[in-house]
Amino acid sequence: MASSATGWTQELTRARLHVVTGKGGTGKTTAAAALALALATGGRRVLLVEVEGRQGIAQLFDRAPLPYSEERIASAPGGGEVRALAVDPEAALLEYLDMFYNLGFAGRTLRKMGAIEFATTLAPGLRDVLLTGKVKECVRRTGPSGRHEYDAVVLDAPPTGRVVQFLDVTKAMADLAKVGPIKGQSDGVVKLLHSGDTAVHLVTLLEEMPVRETLDAVAELDGADLRPGVVLVNRVREPRLPARSVVAAAGGRVDASRVRAGLEAAGLDLDAETIDGLVEETVEHAIRVTMELGAKEKLAESDLPSLELPDLTDGVDLAALYELAELMVERGVR
Amino acid sequence: MRPPLLDVDALIDDPETRVLVCCGSGGVGKTTTAAAIAVRAAERGRRTVVLTIDPARRLAQSLGLRELDNSPREVRTEGFEPKGELHAMMLDMRRTFDDMVLAHAGRDRAEAILANPFYQTISTSFSGTQEYMAMEKLGQLVADDEWDLIVVDTPPSRSALDFLDAPQRLSTVLDGRLIRMLSAPARAGGRGIRKIVGAGFGLFTKAVSTIVGGQLLQDASTFVQAFDSMFGGFRQRAQKTYELLRSPGTGFLVIAAAEPDALREASYFVERLSEERMPLIGLVANRTHPVLATLSATSADAAADGLERAGDAPLAAAVLRLHADRVAVADREKRLIARFTKAHPGVALVGVPALPTDVHDLDGLHEIGRRLAGE
C-alpha cells in the first residue's frame, strides 16, 4: 500500500491560516473542525471560520446557528479552545463600509432592500474579497499584549471547484476599483494568502472523482502561486481481505468451498444462499479495495504529504470529532 | 414504520408523467440517477430526453455528449436498442441566455446587450444563472412538445433549495429600480425609498461606486436600461416555468445519499416543495449498502475471533469481518433513513444499492435503472 507519507511538516507547523477545501460530500467541514481541535490541543486558541452561509459548523457541534461573532464552541484537550465564526458577506460589507462611512440605520434598510446582494452581484469578486478580508483581519488581529489573538485560523473554504477563484483575490480585484480602501485591504489579503503563513489542505475520499478533483485543484493552486498543504484522506476503511486475495476476489474469484470450510471450522453452519451472499459481499469489498488502491496511487502523483482519517461507522458526532483530532495530533499536527 | 415504496416503473410508464425533476444536494448522484431513469424510460418505450447540467466527463461521453451543443441529441451506441428513444443534452448556460436575449430584444439592442461587460458577468458567473437557465431550457423542451418524458438534472448547488430560489434572485438583481438609483440617484424617481433610507443612501451609492468603480456601475446601468424593455418578458417566462413545475404532469424526485447532511437537505427540500405546492414523487436513497447475507454482526465477529485465535482459515475470517463491517454500515443507513421517514411518513421511498464501481457507461446506467426499479 502506498505510504501515508510524511504527514504534517515543519513548514505546516509554522502556518497560521489553514484553508480546508475538498469536493462536496468528502467531509470538508468535519475535517476542518477536527483540524481546529487538533491545533488547539495543548492550550492554544484557534478560530474556525465558515464562509458559505451553510451553518455547517453549528450543525456539526450541534448548536443553534452561529451569529456573526466569534463564539467559543469547544475546549480542546490540554486547555485549548476553539472559537467559531460564520462570516456573512452582507454583514462583512456593512462592517466594512462602517469603517469608512457612517451608514448607521440606513445600512439595515439597504440590507432589507437587497441592495447589498445587488452590490455583490455587480462585482462577484467583491463577495470573495470581503470574506477573505474578514479572515485576514482575524489572522492578523493582535491583543493588548501585542500577541496574536489566535494562534491559528482554520477556514472551511468553498469546495475544490471554486477554491482557487475564491482565494485569487488579485484576480477578483481586477473587477473592482483600482484605488481606495478596499484596494488597500485586498493587498494585505494577497500578501497573507501567498505567504508561508497560509496552507491550503485538500480533503478527499479514495474515489475516482474526488481524487481527480484534488489533483486538478493542486495544479490550479500551483498555477495561482498558492501553497497546497496536506491531502486529508477521509473515511479510510480497513481492507479486510489478505492482500494476495484481493485481485482474484475483485475479479469475482472467491473460493466458496474454502469459505464454507472455514465457516464450518468456526462453528457456523450456513445455508447456500447465505454463503453466496457473503461471497458477493466479499467481491464487492475487493472491487472497492482495488479502486481505493488505484485512487491512492493516483493521489501519490500530487507529491503532497497526506494524512489518513478513518471511516467512522457510527457517523460524526462531537466525540468522533475529538477522536479525529487526537489522531491528527498523534500524526504530528500542531 | 414502513414508507410507501416508490415505484419507478409505474412512474415512468405512466403517460401522464411528462417532466421529472431530480434534485438534491451536491455529490449525491443526481446526474447519474437522472440519466439512469431516462435510460430506463427509453428502454420501456418512451421518447425520452434527459437534460444534464454538469455531468462528469465520462458520463457525458457515455451519452454521446462530446460537446456542449445546447440541444438534444439522440443517444446511439452499439448494443443500445431501446424500445423508445433516448435523447440527451448538456446545458450551456451562456448560450441559453444569449438565445433568450436574442429572442426578446430587437437585433440592435440584443447586440448591445451581448457586448456589455456586465452582461458577461451576469450570464457566466452570477450564482443563480445556471439555475435560471436550466429552468428556461426546461420550458423550451416542454414547449417543443415532442417528448413523452423529460428528465431534468438540477445544478450542483450548495443546497438543494437554490434551484427554486435562483430565478427570483436573478430577477431581483435585474430589476431596474435599484440599479437606476445607484447609477443616477437624482433622476431615478426613487424618492420614496430614499426618504426612508435618508442620507445613508447617497453614502451607500458613493461607497458602492468607490468599491466597484464608476465604470462598472456605468456598464451595469447601460445594461439594465437596454434590458428593461425585455424584462417584463423575462419575468413572465420565469413565472410560466414556475407554473409548469406545479402542473400535473410534473414531479420531483429528491435524491439523497444515506448520509446525515444529504438527508437533512432532502428534508428541507421536501418541506419546501410542500409549501410551494409542488408535486413530490418521493425520495431516492442513493448508494445504500444492504446486507446480502443473513448473519448477525455479533455472530460474524465472534466466529472471526475464533478463527483468528486458532490462526485458521484467514479467508473465511476476512469474509466474516467484512460482513460485520457491512452490517454496521447498513444499520446506520437504515437508522438515518428511518429518521427521515419518521419526519416525513407519507413520502414514498426507494433505496438504490451502490454499485461497487463508478458508473460511466450505458451498461452501468442500465444497471442503476434496474436497481431503481427494485429488480
# chains A, B, ... in the order shown; residues from 1 in each chain; ligands from 1
$ residues_around --residues "A:Ala33" --least-positions-apart "2" --cutoff "8 Å" --atoms "only C-alpha atoms" --output "list in words"
Thr29, Thr30, Ala31, Leu35, Ala36, Leu37, Leu48, Ile57, Val154 and Leu321 of chain A
$ write_last_selection --atoms "N, CA and C atoms" --output "tab-separated table (two decimals), in the first residue's frame"
chain	number	residue	atom	x	y	z
A	29	THR	N	-16.05	19.98	6.07
A	29	THR	CA	-16.33	20.68	7.33
A	29	THR	C	-15.88	19.86	8.53
A	30	THR	N	-16.13	18.56	8.48
A	30	THR	CA	-15.68	17.68	9.55
A	30	THR	C	-14.16	17.75	9.70
A	31	ALA	N	-13.47	17.66	8.58
A	31	ALA	CA	-12.00	17.69	8.62
A	31	ALA	C	-11.52	19.03	9.16
A	35	LEU	N	-9.41	19.51	12.54
A	35	LEU	CA	-8.10	20.17	12.46
A	35	LEU	C	-8.02	21.32	13.47
A	36	ALA	N	-9.11	22.08	13.59
A	36	ALA	CA	-9.12	23.18	14.55
A	36	ALA	C	-8.91	22.65	15.97
A	37	LEU	N	-9.61	21.57	16.29
A	37	LEU	CA	-9.45	20.97	17.62
A	37	LEU	C	-8.01	20.48	17.82
A	48	LEU	N	-12.25	28.83	14.06
A	48	LEU	CA	-12.76	28.05	12.93
A	48	LEU	C	-13.77	28.91	12.19
A	57	ILE	N	-20.82	24.42	10.71
A	57	ILE	CA	-20.13	24.27	11.98
A	57	ILE	C	-21.13	24.08	13.11
A	154	VAL	N	-8.58	28.33	11.11
A	154	VAL	CA	-8.90	27.28	10.15
A	154	VAL	C	-10.12	27.73	9.36
A	321	LEU	N	-15.40	13.84	16.59
A	321	LEU	CA	-14.52	14.94	16.22
A	321	LEU	C	-13.27	14.94	17.08
$ residues_around --residues "stretch 262-278 of chain B" --least-positions-apart "4" --cutoff "8 Å" --atoms "only C-alpha atoms" --output "JSON list (two decimals) with C-alpha atoms, in the first residue's frame"
[["chain", "number", "residue", "atom", "x", "y", "z"],
["B", 24, "GLY", "CA", -30.83, 17.06, -4.06],
["B", 25, "SER", "CA", -27.61, 18.43, -2.59],
["B", 28, "VAL", "CA", -25.41, 12.51, -4.10],
["B", 159, "SER", "CA", -28.11, 23.48, -1.25],
["B", 160, "ALA", "CA", -30.99, 21.77, -2.96],
["B", 161, "LEU", "CA", -33.15, 24.83, -2.41],
["B", 245, "LEU", "CA", -43.33, 22.97, -12.14],
["B", 246, "ARG", "CA", -46.67, 22.90, -10.41],
["B", 251, "GLY", "CA", -42.97, 15.54, -10.46],
["B", 252, "PHE", "CA", -39.96, 16.00, -8.24],
["B", 254, "VAL", "CA", -35.42, 14.10, -4.28],
["B", 255, "ILE", "CA", -32.11, 12.26, -4.39],
["B", 256, "ALA", "CA", -30.06, 11.78, -1.24],
["B", 257, "ALA", "CA", -27.18, 9.65, -0.16],
["B", 258, "ALA", "CA", -27.79, 7.78, 3.09],
["B", 283, "LEU", "CA", -37.08, 10.10, -2.16],
["B", 336, "LEU", "CA", -30.76, 7.51, 9.05],
["B", 337, "ILE", "CA", -33.46, 6.69, 6.52],
["B", 340, "PHE", "CA", -36.23, 10.78, 7.58],
["B", 344, "HIS", "CA", -42.00, 12.59, 6.53]]
$ closest_residue --among "A:Ala74, A:Leu131, A:Leu270, A:Leu167" --to "chain B" --atoms "only C-alpha atoms"
A:Leu270
$ closest_residue --among "B:Pro353, B:Ala220, B:Arg335, B:Ala143" --to "B:Leu292" --atoms "only C-alpha atoms"
B:Pro353
$ residues_around --residues "A:Pro77" --least-positions-apart "6" --cutoff "8 Å" --atoms "only C-alpha atoms" --output "number ranges by chain"
A: 40-43
$ residues_around --residues "B:Leu6" --least-positions-apart "4" --cutoff "10 Å" --atoms "only C-alpha atoms" --output "list in words"
Ala10, Leu11, Leu253, Ile281, Gly282, Leu283, Val284, Val347, Ala348, Leu349, Val350, Gly351, Leu372, Ala373 and Gly374 of chain B
$ select_by_dssp --residues "stretch 266-296 of chain B" --states "alpha helix (DSSP H)" --output "list in words"
Ala266, Ser267, Tyr268, Phe269, Val270, Glu271, Arg272, Leu273, Ser274 and Glu275 of chain B
$ write_last_selection --atoms "C-alpha atoms" --output "short mmCIF file (atom, residue, chain, number, x, y, z; two decimals), in the first residue's frame"
data_model
loop_
_atom_site.label_atom_id
_atom_site.label_comp_id
_atom_site.auth_asym_id
_atom_site.auth_seq_id
_atom_site.Cartn_x
_atom_site.Cartn_y
_atom_site.Cartn_z
CA ALA B 266 -33.63 16.29 1.44
CA SER B 267 -35.86 17.05 4.41
CA TYR B 268 -35.69 20.79 3.80
CA PHE B 269 -36.46 20.22 0.19
CA VAL B 270 -39.46 18.03 0.90
CA GLU B 271 -40.85 20.67 3.24
CA ARG B 272 -40.23 23.42 0.77
CA LEU B 273 -41.94 21.55 -2.07
CA SER B 274 -44.98 21.06 0.06
CA GLU B 275 -45.05 24.76 0.98
#
$ residues_around --residues "B:Pro72" --least-positions-apart "2" --cutoff "10 Å" --atoms "only C-alpha atoms" --output "compact mmCIF listing (two decimals) with C-alpha atoms, in the first residue's frame"
# COMPACT_ATOMS: atom_id res chain seq x y z
CA VAL B 49 -34.89 13.41 -23.27
CA VAL B 50 -32.52 13.99 -20.37
CA LEU B 51 -31.22 17.47 -19.61
CA LEU B 65 -22.30 14.31 -25.28
CA ASP B 69 -24.37 21.96 -28.19
CA ASN B 70 -27.26 23.02 -26.06
CA GLU B 74 -30.22 11.06 -29.84
CA VAL B 75 -28.03 8.60 -27.96
CA LEU B 86 -33.19 8.37 -25.66
CA HIS B 87 -32.01 11.88 -26.34
CA ALA B 88 -29.57 13.76 -24.16
CA MET B 89 -28.25 17.26 -23.81
CA MET B 90 -25.96 19.26 -21.62
CA LEU B 91 -26.90 22.78 -20.57
CA LEU B 141 -38.19 21.47 -24.07
$ atom_distance --atom1 "atom CA of B:Pro314" --atom2 "atom CA of B:Pro356"
23.2 Å
$ atom_distance --atom1 "atom CA of B:Leu5" --atom2 "atom CA of B:Gly369"
15.6 Å
$ closest_residue --among "B:Phe118, B:Phe223, B:Tyr132, B:Phe80" --to "chain A" --atoms "only C-alpha atoms"
B:Phe118
$ closest_residue --among "A:Ala319, A:Val211, A:Leu205, A:Met173" --to "chain B" --atoms "only C-alpha atoms"
A:Met173
